[in-house]
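So this block is data_15.cif, mmCIF, C-alpha atoms:
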data_target
loop_
_atom_site.label_atom_id
_atom_site.label_comp_id
_atom_site.auth_asym_id
_atom_site.auth_seq_id
_atom_site.Cartn_x
_atom_site.Cartn_y
_atom_site.Cartn_z
CA MET A 1155 80.88 53.52 171.06
CA SER A 1156 81.43 55.81 168.07
CA THR A 1157 82.79 59.30 167.66
CA ILE A 1158 82.34 62.14 165.20
CA SER A 1159 85.52 61.76 163.23
CA ASP A 1160 85.22 64.29 160.45
CA ILE A 1161 83.17 67.21 159.16
CA ASP A 1162 82.82 67.89 155.42
CA VAL A 1163 81.12 71.04 154.16
CA VAL A 1164 80.53 71.70 150.44
CA ASP A 1165 79.44 74.87 148.65
CA LEU A 1166 77.10 73.20 146.17
CA ARG A 1167 75.43 75.19 143.39
CA PHE A 1168 73.29 74.37 140.35
CA PRO A 1169 73.06 76.81 137.40
CA THR A 1170 69.25 76.96 137.31
CA SER A 1171 69.36 80.62 136.27
CA LYS A 1172 70.11 79.45 132.72
CA SER A 1173 66.59 78.04 132.35
CA LEU A 1174 64.92 80.51 134.77
CA ASP A 1175 63.73 77.61 136.94
CA GLY A 1176 62.86 79.14 140.30
CA SER A 1177 62.36 82.68 138.95
CA ASP A 1178 59.91 84.99 140.69
CA ALA A 1179 59.21 88.69 141.20
CA MET A 1180 61.99 89.13 143.77
CA ASN A 1181 64.43 86.49 142.54
CA PRO A 1182 64.71 86.72 138.75
CA ASP A 1183 67.85 84.60 138.26
CA PRO A 1184 68.31 82.04 141.07
CA ASP A 1185 71.02 79.39 141.08
CA TYR A 1186 69.57 76.76 143.39
CA SER A 1187 72.27 75.95 145.94
CA ALA A 1188 72.95 74.01 149.11
CA ALA A 1189 75.42 74.70 151.89
CA TYR A 1190 75.93 70.99 152.44
CA LEU A 1191 77.18 69.15 155.53
CA ILE A 1192 78.38 65.58 156.06
CA VAL A 1193 79.00 64.44 159.64
CA ARG A 1194 81.16 61.32 159.51
CA THR A 1195 81.53 58.88 162.38
CA THR A 1196 83.83 56.00 163.25
CA ASP A 1197 82.84 52.93 165.21
CA ASP A 1198 85.37 50.45 166.59
CA THR A 1199 82.86 47.62 166.13
CA ALA A 1200 81.72 48.50 162.62
CA ASP A 1201 83.21 47.55 159.28
CA ALA A 1202 82.83 51.09 157.94
CA PRO A 1203 82.01 54.55 159.29
CA ASP A 1204 78.53 55.95 158.84
CA SER A 1205 77.39 59.49 158.23
CA GLY A 1206 74.61 62.03 158.66
CA HIS A 1207 73.73 64.64 156.04
CA GLY A 1208 72.14 68.08 156.28
CA PHE A 1209 72.07 71.34 154.35
CA VAL A 1210 70.73 74.85 154.07
CA PHE A 1211 69.06 75.88 150.82
CA THR A 1212 70.12 79.18 149.21
CA ILE A 1213 69.90 80.59 145.68
CA GLY A 1214 73.52 81.30 144.75
CA ARG A 1215 75.69 84.17 145.96
CA GLY A 1216 76.03 83.98 149.72
CA ASN A 1217 76.08 80.20 149.75
CA ASP A 1218 79.75 80.48 150.73
CA ILE A 1219 78.79 82.54 153.80
CA GLN A 1220 76.22 79.92 154.82
CA THR A 1221 78.75 77.15 154.19
CA GLU A 1222 81.32 78.80 156.46
CA ALA A 1223 78.73 79.26 159.23
CA ILE A 1224 77.92 75.55 159.10
CA ARG A 1225 81.63 74.71 159.23
CA VAL A 1226 82.18 76.88 162.31
CA ILE A 1227 79.29 75.31 164.21
CA ALA A 1228 79.87 71.72 163.07
CA GLN A 1229 83.53 71.80 164.09
CA THR A 1230 82.44 72.17 167.72
CA ILE A 1231 81.07 68.62 167.73
CA LYS A 1232 84.06 66.95 166.07
CA GLY A 1233 85.59 64.29 168.33
CA ARG A 1234 82.48 63.91 170.48
CA GLU A 1235 80.78 60.60 171.21
CA VAL A 1236 77.79 60.04 168.96
CA GLU A 1237 75.48 58.00 171.16
CA PRO A 1238 74.90 60.60 173.91
CA ILE A 1239 73.92 63.14 171.27
CA LEU A 1240 71.50 60.81 169.49
CA GLU A 1241 69.97 59.66 172.78
CA ASP A 1242 69.08 63.22 173.81
CA MET A 1243 68.45 65.29 170.71
CA GLY A 1244 66.51 67.84 172.76
CA SER A 1245 69.53 68.70 174.89
CA PHE A 1246 71.73 68.76 171.78
CA TRP A 1247 69.41 71.28 170.12
CA ARG A 1248 69.37 73.51 173.20
CA GLU A 1249 73.15 73.29 173.51
CA LEU A 1250 73.65 74.64 169.99
CA VAL A 1251 70.85 77.21 169.96
CA HIS A 1252 71.69 78.57 173.43
CA ASP A 1253 75.43 78.91 172.80
CA SER A 1254 75.90 82.43 174.17
CA GLN A 1255 78.55 83.53 171.67
CA MET A 1256 76.73 82.22 168.57
CA ARG A 1257 73.42 83.44 169.96
CA TRP A 1258 74.71 87.00 169.88
CA LEU A 1259 74.69 86.79 166.08
CA GLY A 1260 70.95 86.14 166.13
CA PRO A 1261 69.51 85.42 168.50
CA GLU A 1262 67.66 82.50 166.89
CA LYS A 1263 67.61 83.96 163.39
CA GLY A 1264 69.60 84.29 160.22
CA VAL A 1265 72.69 82.52 158.93
CA SER A 1266 73.83 81.13 162.28
CA HIS A 1267 70.38 79.75 163.18
CA MET A 1268 70.04 78.05 159.80
CA ALA A 1269 73.54 76.63 160.16
CA ILE A 1270 72.52 75.09 163.47
CA GLY A 1271 69.56 73.58 161.62
CA ALA A 1272 71.90 71.88 159.15
CA VAL A 1273 73.91 70.33 162.01
CA VAL A 1274 70.78 69.26 163.88
CA ASN A 1275 69.24 67.78 160.73
CA ALA A 1276 72.44 65.87 159.93
CA MET A 1277 72.29 64.23 163.35
CA TRP A 1278 68.62 63.35 162.83
CA ASP A 1279 69.56 61.79 159.49
CA LEU A 1280 72.20 59.72 161.31
CA LYS A 1281 69.78 58.79 164.11
CA ALA A 1282 67.13 57.60 161.65
CA LYS A 1283 69.69 55.62 159.65
CA ARG A 1284 70.90 53.87 162.78
CA ALA A 1285 67.31 53.11 163.74
CA GLY A 1286 66.73 51.64 160.25
CA MET A 1287 63.71 53.92 159.76
CA PRO A 1288 62.71 56.88 157.61
CA LEU A 1289 62.69 60.04 159.70
CA TRP A 1290 58.92 60.53 159.53
CA GLU A 1291 58.31 57.09 160.99
CA LEU A 1292 61.00 57.42 163.64
CA LEU A 1293 59.39 60.62 164.90
CA GLY A 1294 55.87 59.30 164.40
CA THR A 1295 56.41 56.30 166.67
CA MET A 1296 57.99 58.21 169.57
CA SER A 1297 55.94 58.69 172.74
CA ALA A 1298 54.29 62.02 173.45
CA GLU A 1299 56.62 62.57 176.38
CA ASP A 1300 59.74 61.85 174.31
CA LEU A 1301 58.58 64.22 171.58
CA LEU A 1302 57.92 66.93 174.15
CA ASP A 1303 61.46 66.54 175.49
CA LEU A 1304 62.77 67.48 172.02
CA VAL A 1305 61.25 70.94 171.93
CA ASP A 1306 61.84 74.34 173.48
CA LEU A 1307 58.59 76.09 174.42
CA ARG A 1308 60.22 79.16 175.93
CA TYR A 1309 58.55 82.42 174.78
CA LEU A 1310 55.40 80.54 173.73
CA SER A 1311 53.44 80.04 176.96
CA ASP A 1312 51.25 83.13 176.39
CA PHE A 1313 49.79 81.22 173.45
CA MET A 1314 50.56 77.50 173.92
CA THR A 1315 51.63 75.97 177.23
CA ARG A 1316 53.55 72.77 177.81
CA GLU A 1317 50.27 71.20 178.91
CA ASP A 1318 48.63 72.25 175.64
CA ALA A 1319 51.46 70.72 173.63
CA LEU A 1320 51.37 67.47 175.60
CA ALA A 1321 47.61 67.20 175.09
CA ILE A 1322 48.06 67.54 171.32
CA LEU A 1323 50.72 64.83 171.27
CA LYS A 1324 48.67 62.55 173.53
CA ARG A 1325 45.73 62.84 171.14
CA GLY A 1326 48.15 62.05 168.34
CA GLU A 1327 48.99 58.70 169.93
CA GLU A 1328 45.42 57.53 169.35
CA GLY A 1329 45.01 55.77 166.02
CA ARG A 1330 48.49 56.50 164.72
CA ALA A 1331 49.15 52.92 163.67
CA GLU A 1332 46.15 53.18 161.35
CA ARG A 1333 47.36 56.54 160.05
CA ILE A 1334 50.81 55.12 159.34
CA GLN A 1335 49.24 52.40 157.24
CA TYR A 1336 46.93 54.88 155.51
CA LEU A 1337 49.92 57.04 154.63
CA LYS A 1338 51.80 54.08 153.18
CA ASP A 1339 48.77 53.03 151.16
CA HIS A 1340 47.52 56.41 149.93
CA GLY A 1341 50.41 58.86 150.08
CA TYR A 1342 50.12 62.59 150.83
CA MET A 1343 48.72 65.21 148.45
CA ALA A 1344 51.29 67.21 146.49
CA TYR A 1345 50.83 70.45 144.59
CA THR A 1346 53.19 71.71 141.92
CA THR A 1347 54.82 75.09 141.37
CA SER A 1348 56.63 73.93 138.24
CA PRO A 1349 54.22 75.62 135.76
CA GLY A 1350 54.32 78.98 137.46
CA TRP A 1351 57.84 80.42 137.40
CA LEU A 1352 57.69 84.07 136.43
CA GLY A 1353 60.34 83.81 133.70
CA TYR A 1354 58.34 81.28 131.67
CA SER A 1355 56.51 82.22 128.48
CA ASP A 1356 52.72 82.00 128.23
CA GLU A 1357 53.11 78.98 125.97
CA LYS A 1358 55.28 77.19 128.50
CA LEU A 1359 52.87 78.10 131.30
CA ALA A 1360 49.95 76.63 129.35
CA ARG A 1361 51.84 73.47 128.46
CA LEU A 1362 53.00 72.89 132.04
CA CYS A 1363 49.49 73.44 133.41
CA ARG A 1364 48.18 70.71 131.10
CA GLU A 1365 51.04 68.42 132.08
CA ALA A 1366 50.40 69.02 135.79
CA ILE A 1367 46.77 67.96 135.44
CA ALA A 1368 47.75 64.94 133.34
CA ASP A 1369 50.26 63.97 136.05
CA GLY A 1370 47.51 63.89 138.67
CA PHE A 1371 48.20 67.12 140.55
CA GLU A 1372 45.11 68.66 142.12
CA GLN A 1373 46.59 72.11 142.77
CA ILE A 1374 49.14 74.39 141.10
CA LYS A 1375 50.83 77.64 142.13
CA LEU A 1376 51.83 80.67 140.04
CA LYS A 1377 54.37 83.36 140.87
CA VAL A 1378 52.99 86.90 140.73
CA GLY A 1379 53.90 90.47 141.60
CA ALA A 1380 56.05 91.85 138.80
CA ASP A 1381 53.23 93.34 136.69
CA ARG A 1382 49.53 93.38 137.49
CA ALA A 1383 48.36 93.07 133.89
CA ASP A 1384 50.75 90.17 133.31
CA ASP A 1385 49.39 88.43 136.42
CA ILE A 1386 45.82 88.79 135.21
CA ARG A 1387 46.76 87.42 131.78
CA ARG A 1388 48.73 84.48 133.19
CA LEU A 1389 46.04 83.58 135.70
CA SER A 1390 43.45 83.75 132.92
CA ILE A 1391 45.48 81.20 130.96
CA ALA A 1392 45.86 78.92 133.98
CA ARG A 1393 42.19 79.16 134.98
CA GLU A 1394 41.00 78.43 131.42
CA ILE A 1395 43.17 75.30 131.23
CA CYS A 1396 42.59 74.05 134.77
CA GLY A 1397 38.88 74.77 134.86
CA GLU A 1398 36.58 76.28 137.48
CA GLY A 1399 37.08 75.00 141.02
CA PHE A 1400 40.60 73.71 140.42
CA PRO A 1401 42.80 75.13 143.22
CA ILE A 1402 45.30 77.74 142.01
CA ALA A 1403 47.51 79.43 144.60
CA ILE A 1404 49.68 82.48 143.96
CA ASP A 1405 53.01 83.51 145.46
CA ALA A 1406 54.22 87.14 145.57
CA ASN A 1407 57.55 86.38 147.28
CA GLN A 1408 57.41 89.48 149.54
CA ARG A 1409 56.84 91.87 146.65
CA TRP A 1410 54.26 94.37 147.97
CA ASP A 1411 53.62 96.98 150.62
CA VAL A 1412 50.43 96.40 152.59
CA ALA A 1413 48.00 98.67 150.71
CA GLU A 1414 49.41 97.59 147.35
CA ALA A 1415 49.04 93.94 148.32
CA ILE A 1416 45.38 94.36 149.26
CA SER A 1417 44.58 96.19 146.01
CA TRP A 1418 46.55 93.78 143.79
CA ILE A 1419 45.21 90.61 145.40
CA ASN A 1420 41.61 91.85 145.24
CA ASP A 1421 42.11 92.40 141.49
CA LEU A 1422 43.16 88.75 141.22
CA ALA A 1423 40.50 87.36 143.57
CA LYS A 1424 38.13 86.70 140.63
CA PHE A 1425 40.34 83.74 139.77
CA ASP A 1426 39.21 81.98 142.98
CA LEU A 1427 42.63 81.80 144.66
CA ARG A 1428 43.51 78.90 146.96
CA TRP A 1429 45.84 81.23 148.85
CA VAL A 1430 48.21 84.16 148.40
CA GLU A 1431 51.70 83.47 149.64
CA GLU A 1432 54.19 85.92 151.18
CA PRO A 1433 52.40 89.11 150.09
CA THR A 1434 54.78 91.38 152.06
CA SER A 1435 57.90 91.31 154.25
CA PRO A 1436 58.15 87.94 156.02
CA ASP A 1437 58.87 89.74 159.32
CA ASP A 1438 55.81 92.01 159.19
CA VAL A 1439 53.24 90.29 161.39
CA LEU A 1440 50.87 93.25 161.57
CA GLY A 1441 51.20 93.89 157.85
CA HIS A 1442 50.18 90.31 157.11
CA ALA A 1443 47.27 90.67 159.54
CA ALA A 1444 46.06 93.80 157.75
CA ILE A 1445 46.37 92.06 154.39
CA GLN A 1446 44.46 89.03 155.67
CA GLN A 1447 41.66 91.29 156.87
CA GLY A 1448 41.68 93.22 153.60
CA ILE A 1449 41.52 90.20 151.26
CA SER A 1450 39.40 87.75 153.28
CA PRO A 1451 38.16 85.14 152.50
CA THR A 1452 41.28 84.53 150.37
CA PRO A 1453 43.75 83.01 152.86
CA VAL A 1454 47.23 84.39 153.48
CA ALA A 1455 49.93 81.69 153.47
CA THR A 1456 53.43 82.37 154.75
CA GLY A 1457 56.35 80.88 156.64
CA GLU A 1458 59.13 79.87 154.28
CA HIS A 1459 61.18 82.83 155.53
CA CYS A 1460 59.79 82.79 159.08
CA GLN A 1461 62.95 82.77 161.13
CA ASN A 1462 61.81 81.08 164.34
CA ARG A 1463 58.95 79.67 166.38
CA ILE A 1464 58.34 83.00 168.15
CA LEU A 1465 57.38 84.73 164.91
CA PHE A 1466 55.10 81.83 163.98
CA LYS A 1467 53.40 82.26 167.37
CA GLN A 1468 52.80 85.95 166.67
CA PHE A 1469 51.45 85.30 163.16
CA LEU A 1470 48.93 82.88 164.64
CA GLN A 1471 48.01 85.20 167.52
CA ALA A 1472 47.33 88.05 165.08
CA ASP A 1473 45.35 85.96 162.54
CA ALA A 1474 48.06 86.96 160.07
CA LEU A 1475 48.26 83.60 158.32
CA ARG A 1476 45.65 80.96 157.64
CA VAL A 1477 48.00 78.49 155.96
CA MET A 1478 51.35 77.84 157.67
CA GLN A 1479 54.30 77.11 155.40
CA ILE A 1480 57.21 75.63 157.31
CA ASP A 1481 60.58 75.22 155.60
CA ALA A 1482 63.00 72.38 156.33
CA SER A 1483 66.13 74.55 156.41
CA ARG A 1484 64.99 78.02 157.55
CA VAL A 1485 64.73 77.36 161.30
CA ALA A 1486 67.01 75.34 163.58
CA GLY A 1487 66.13 71.93 162.24
CA VAL A 1488 63.68 69.17 163.03
CA ASN A 1489 63.21 70.11 166.69
CA GLU A 1490 62.01 73.64 165.98
CA ASN A 1491 59.74 72.48 163.17
CA ILE A 1492 58.07 70.09 165.61
CA VAL A 1493 57.22 73.17 167.68
CA ASN A 1494 55.86 74.93 164.60
CA LEU A 1495 53.62 71.95 163.84
CA LEU A 1496 52.38 72.01 167.43
CA LEU A 1497 51.62 75.73 167.21
CA ALA A 1498 49.63 75.19 164.01
CA ALA A 1499 47.70 72.30 165.53
CA HIS A 1500 46.94 74.38 168.62
CA ALA A 1501 45.61 77.18 166.42
CA GLY A 1502 43.70 74.85 164.09
CA VAL A 1503 45.67 76.09 161.06
CA PRO A 1504 46.71 73.71 158.26
CA VAL A 1505 50.40 73.26 157.38
CA CYS A 1506 51.36 73.21 153.68
CA PRO A 1507 55.18 73.29 153.62
CA HIS A 1508 57.41 75.24 151.31
CA ALA A 1509 59.57 72.96 149.17
CA GLY A 1510 60.64 75.10 146.22
CA GLY A 1511 64.38 74.44 146.33
CA VAL A 1512 67.06 71.80 145.98
CA GLY A 1513 66.45 69.04 148.52
CA LEU A 1514 63.59 70.74 150.31
CA CYS A 1515 61.04 68.24 148.94
CA GLU A 1516 63.21 65.38 150.18
CA LEU A 1517 63.40 66.85 153.68
CA VAL A 1518 60.06 68.49 154.39
CA GLN A 1519 57.92 65.53 153.32
CA HIS A 1520 59.02 63.87 156.56
CA MET A 1521 57.63 66.73 158.65
CA SER A 1522 54.21 66.69 156.95
CA MET A 1523 53.97 62.94 157.26
CA PHE A 1524 54.96 63.12 160.93
CA ASP A 1525 52.34 65.84 161.41
CA PHE A 1526 49.65 63.57 159.98
CA VAL A 1527 50.75 60.55 162.00
CA ALA A 1528 51.42 62.13 165.41
CA VAL A 1529 50.36 65.80 165.64
CA SER A 1530 47.35 67.05 163.68
CA GLY A 1531 46.15 63.58 162.71
CA THR A 1532 44.60 64.87 159.49
CA MET A 1533 45.42 65.68 155.86
CA GLU A 1534 42.36 67.90 155.42
CA GLY A 1535 43.30 71.17 153.72
CA ARG A 1536 46.94 70.09 153.60
CA CYS A 1537 49.39 69.46 150.80
CA ILE A 1538 53.15 69.58 150.19
CA GLU A 1539 54.75 71.72 147.52
CA PHE A 1540 56.57 69.85 144.77
CA VAL A 1541 59.04 71.29 142.30
CA ASP A 1542 60.35 68.85 139.72
CA HIS A 1543 63.97 70.00 139.70
CA LEU A 1544 67.26 68.37 140.80
CA HIS A 1545 65.87 65.26 142.49
CA GLU A 1546 68.19 63.09 140.41
CA HIS A 1547 71.10 64.24 142.56
CA PHE A 1548 69.80 62.52 145.72
CA VAL A 1549 70.49 59.00 146.93
CA THR A 1550 66.81 58.55 147.84
CA PRO A 1551 64.84 61.11 145.79
CA THR A 1552 61.22 61.86 146.50
CA ASP A 1553 58.67 59.51 145.00
CA VAL A 1554 55.94 61.79 143.64
CA HIS A 1555 53.47 60.37 141.17
CA ALA A 1556 49.71 60.49 140.63
CA GLY A 1557 49.82 63.90 142.33
CA ARG A 1558 50.97 62.51 145.67
CA TYR A 1559 54.07 62.11 147.78
CA TRP A 1560 54.59 58.46 148.61
CA ALA A 1561 56.01 57.74 152.03
CA PRO A 1562 59.78 57.13 151.98
CA ALA A 1563 60.86 53.74 153.28
CA ALA A 1564 64.64 54.24 153.19
CA PRO A 1565 66.31 54.95 156.55
CA GLY A 1566 67.26 58.56 157.14
CA SER A 1567 65.94 62.01 156.25
CA GLY A 1568 66.50 61.87 152.49
CA ALA A 1569 69.17 64.58 152.59
CA GLU A 1570 72.06 62.52 151.21
CA ILE A 1571 73.38 63.73 147.85
CA LEU A 1572 75.28 61.54 145.38
CA PRO A 1573 79.11 61.74 145.57
CA THR A 1574 79.34 62.53 141.85
CA THR A 1575 77.09 65.57 142.36
CA LEU A 1576 79.16 66.77 145.30
CA HIS A 1577 82.22 66.61 143.06
CA ASP A 1578 80.76 68.03 139.85
CA PHE A 1579 78.72 70.94 141.26
CA ALA A 1580 81.04 72.09 144.04
CA PHE A 1581 81.62 75.82 143.63
CA PRO A 1582 83.93 77.07 142.17
CA PHE A 1583 86.30 74.18 141.48
CA GLY A 1584 83.83 71.50 140.34
CA PRO A 1585 83.82 70.81 136.59
CA GLU A 1586 80.30 72.25 136.19
CA TRP A 1587 81.63 75.63 137.38
CA SER A 1588 85.39 75.89 136.92
CA ASP A 1589 85.20 76.95 133.27
CA THR A 1590 82.32 79.42 133.65
CA PRO A 1591 82.70 83.18 134.14
CA GLU A 1592 81.33 82.87 137.70
CA GLY A 1593 83.65 79.99 138.53
CA ARG A 1594 86.72 81.63 137.04
CA ALA A 1595 86.04 84.85 138.93
CA ALA A 1596 85.63 82.98 142.21
CA ILE A 1597 88.79 80.95 141.64
CA ALA A 1598 90.72 84.11 140.83
CA ALA A 1599 89.60 85.57 144.17
CA THR A 1600 91.10 82.67 146.18
CA PRO A 1601 94.60 83.02 147.67
CA ALA A 1602 95.95 80.57 145.09
CA GLY A 1603 94.24 82.45 142.28
CA ARG A 1604 95.59 85.79 143.43
CA ALA A 1605 99.07 84.33 143.71
CA ALA A 1606 98.86 82.91 140.18
CA ALA A 1607 97.72 86.29 138.82
CA LYS A 1608 100.88 87.88 140.19
#

Would you encode the structure as structure tokens?
Amino acid sequence: MSTISDIDVVDLRFPTSKSLDGSDAMNPDPDYSAAYLIVRTTDDTADAPDSGHGFVFTIGRGNDIQTEAIRVIAQTIKGREVEPILEDMGSFWRELVHDSQMRWLGPEKGVSHMAIGAVVNAMWDLKAKRAGMPLWELLGTMSAEDLLDLVDLRYLSDFMTREDALAILKRGEEGRAERIQYLKDHGYMAYTTSPGWLGYSDEKLARLCREAIADGFEQIKLKVGADRADDIRRLSIAREICGEGFPIAIDANQRWDVAEAISWINDLAKFDLRWVEEPTSPDDVLGHAAIQQGISPTPVATGEHCQNRILFKQFLQADALRVMQIDASRVAGVNENIVNLLLAAHAGVPVCPHAGGVGLCELVQHMSMFDFVAVSGTMEGRCIEFVDHLHEHFVTPTDVHAGRYWAPAAPGSGAEILPTTLHDFAFPFGPEWSDTPEGRAAIAATPAGRAAAK
């Protein structure tokens, strides 16, 4: 029997604003960051303790708030026996999400909900490591009944009942061994956002489009929304290089009001858009529905900021999205994303996850691969976002080549970051930050820094 012996939480930040990697119309200077959790365990029969890893992705300031929320929630499981948690991950999820005092901060949204997701995902990482399997395969080989026990379908029965969900999972049991082998042999389609950051020059955009095609990618995505004329010019460059029929998606990152979105997107429709992503506020279901009606047949894609399964249900009910974009760290972890995949399958809507952030590629690939193996049973119309930044900091980085994600074989979820990175990029005391203006200001604001100033 083992226990949770220690909880480590790190405010981890990367200075990506220096190169404008990740820049878009709403986020011009992001520093890709992770509020990072390590759950350490001890086992009387083992030679060494083992650990589970999880995180929430942010883009800089505020990462300390997210880090503290994770610490508060994770401390509640310190000292507990590990095996009962891992044996009933559905009950563990409900215990954290239904905590009455934490729930008051949401309920089921925002910083506290995402912090729960980091704790839940860390335990899934540990469970998969102990099973000696990558997370996608662990989930993909569970029975329909065991998968259903993981999820909370409350508030969803007016759209998808428990019987509906079980039927989807039962169908997913048929032929999954063949799909597992197909996935291992052929991988899963990736698309790249790397050419399209809004802060890049036209020359860099053109060069990166050519490189994306040479690297085997069959779809790219461009950020839009700052200036209509600039968007037309940049899309003209991308379309000329990529050629007619090559899928090009665009992402407005919540930039527009509804009428403005419809007008702007229709001006860009001549470029044959694969989809338009987050055209307005991520909470505005009816606004997205109006935009979808006003720009059809161009599909609306959204979900990276969708805060829970209830909002996803409403988007689907209202025909407000035609491409679902789940995020690995926005909702309360693996369990809730299983529900989101079930909702999409029930609605017949493809899932193309968001992965534009540190570690999100490593995590969300498991959910798409699980979806193919055990839920939707198809890759048609589906792909996973890939951004070629910061993978070198992970113990088991994504394997993306020839335009495809190749199925991870290493046990776990892929969330584990190298110890040297945790040391060097910890904010503000890590050596990558301590001698920068941001780091010095943060250090000066600590109790020790204030005392030294006196």

Counting all atoms listed in the file, which residues come within 9 Å of (53.0, 60.8, 150.7), with the point read in the file's coordinates, and could you list them as a PyMOL selection string? chain A and resi 1337-1344+1519-1520+1522-1523+1538+1553-1554+1558-1562

For the file shown, report as a PyMOL selection string the outcome of the PyMOL selection byres ((chain A and resi 1548) around 10) at residue level. chain A and resi 1512-1513+1516+1544-1547+1549-1552+1568-1573+1575

Go through A:Leu1304, A:Met1268, A:Leu1514, A:Leu1576 one by one, measure the shortest atom-to-atom distance of each to Phe1246 in chain A using all atoms listed in the file, and give the residue with the smallest value. A:Leu1304

Tell me which residues the PyMOL selection byres ((chain A and resi 1298) around 10) grabs here, as a PDB file with C-alpha atoms, in the coordinates of the input.
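Full text of result.pdb as output:
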ATOM      1  CA  GLY A1294      55.870  59.300 164.400  1.00  0.00           C
ATOM      2  CA  THR A1295      56.410  56.300 166.670  1.00  0.00           C
ATOM      3  CA  MET A1296      57.990  58.210 169.570  1.00  0.00           C
ATOM      4  CA  SER A1297      55.940  58.690 172.740  1.00  0.00           C
ATOM      5  CA  GLU A1299      56.620  62.570 176.380  1.00  0.00           C
ATOM      6  CA  ASP A1300      59.740  61.850 174.310  1.00  0.00           C
ATOM      7  CA  LEU A1301      58.580  64.220 171.580  1.00  0.00           C
ATOM      8  CA  LEU A1302      57.920  66.930 174.150  1.00  0.00           C
ATOM      9  CA  ASP A1303      61.460  66.540 175.490  1.00  0.00           C
ATOM     10  CA  ALA A1319      51.460  70.720 173.630  1.00  0.00           C
ATOM     11  CA  LEU A1320      51.370  67.470 175.600  1.00  0.00           C
ATOM     12  CA  ALA A1321      47.610  67.200 175.090  1.00  0.00           C
ATOM     13  CA  ILE A1322      48.060  67.540 171.320  1.00  0.00           C
ATOM     14  CA  LEU A1323      50.720  64.830 171.270  1.00  0.00           C
ATOM     15  CA  LYS A1324      48.670  62.550 173.530  1.00  0.00           C
ATOM     16  CA  ARG A1325      45.730  62.840 171.140  1.00  0.00           C
ATOM     17  CA  GLY A1326      48.150  62.050 168.340  1.00  0.00           C
ATOM     18  CA  GLU A1327      48.990  58.700 169.930  1.00  0.00           C
ATOM     19  CA  ALA A1528      51.420  62.130 165.410  1.00  0.00           C
ATOM     20  CA  VAL A1529      50.360  65.800 165.640  1.00  0.00           C
TER      21      VAL A1529
END

Check which residues satisfy the PyMOL selection byres ((chain A and resi 1479-1485) around 8) in the file shown, then give them as a VMD selection string. chain A and resid 1209 to 1211 1263 1267 to 1268 1271 to 1272 1455 to 1462 1477 to 1478 1486 to 1488 1490 to 1491 1494 1505 to 1509 1514 1517 to 1518

Counting all atoms listed in the file, which residue out of A:Pro1169, A:Ala1269, A:Gln1446, A:Gln1255 sits closest to Asn1420 in chain A?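 Selected residue with least distance to Asn1420 in chain A: A:Gln1446.
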
Please return the centre and edge lengths, in Å to one decimal, of a box with edges along x, y and z that contains all listed atoms of range 1291-1309 of chain A, widened by 4 Å on every side, as AutoDock Vina command-line options.
--center_x 58.5 --center_y 69.4 --center_z 168.7 --size_x 16.5 --size_y 34.1 --size_z 23.4

Which residues are close to Pro1433 in chain A, i.e. within 9 Å by all atoms listed in the file, leaving aside same-chain residues fewer than 3 positions away? Reply as a ChimeraX atom specification. /A:1379,1405-1412,1415-1416,1419,1430,1436,1442,1445,1454-1456

Kindly indicate which residue among A:Pro1504, A:Trp1418, A:Ile1161, A:His1555 lies nearest to Ala1383 in chain A, using all atoms listed in the file for the distances. A:Trp1418

Taking the structure I provided as the source, export range 1242-1250 of chain A with N, CA and C atoms, as a short mmCIF file (atom, residue, chain, number, x, y, z; two decimals), in the first residue's frame.
data_model
loop_
_atom_site.label_atom_id
_atom_site.label_comp_id
_atom_site.auth_asym_id
_atom_site.auth_seq_id
_atom_site.Cartn_x
_atom_site.Cartn_y
_atom_site.Cartn_z
N ASP A 1242 -10.84 3.96 -8.27
CA ASP A 1242 -12.15 4.56 -8.50
C ASP A 1242 -11.98 6.04 -8.84
N MET A 1243 -11.47 6.28 -10.04
CA MET A 1243 -11.19 7.65 -10.46
C MET A 1243 -12.47 8.46 -10.70
N GLY A 1244 -13.59 7.77 -10.91
CA GLY A 1244 -14.86 8.48 -11.04
C GLY A 1244 -15.28 9.11 -9.73
N SER A 1245 -15.18 8.34 -8.65
CA SER A 1245 -15.54 8.88 -7.33
C SER A 1245 -14.56 9.98 -6.92
N PHE A 1246 -13.28 9.81 -7.25
CA PHE A 1246 -12.29 10.84 -6.92
C PHE A 1246 -12.62 12.14 -7.63
N TRP A 1247 -12.99 12.08 -8.90
CA TRP A 1247 -13.37 13.28 -9.64
C TRP A 1247 -14.56 13.96 -8.98
N ARG A 1248 -15.58 13.17 -8.66
CA ARG A 1248 -16.79 13.76 -8.07
C ARG A 1248 -16.49 14.37 -6.70
N GLU A 1249 -15.62 13.72 -5.94
CA GLU A 1249 -15.25 14.24 -4.63
C GLU A 1249 -14.64 15.64 -4.74
N LEU A 1250 -13.75 15.83 -5.69
CA LEU A 1250 -13.11 17.13 -5.84
C LEU A 1250 -14.06 18.17 -6.43
#
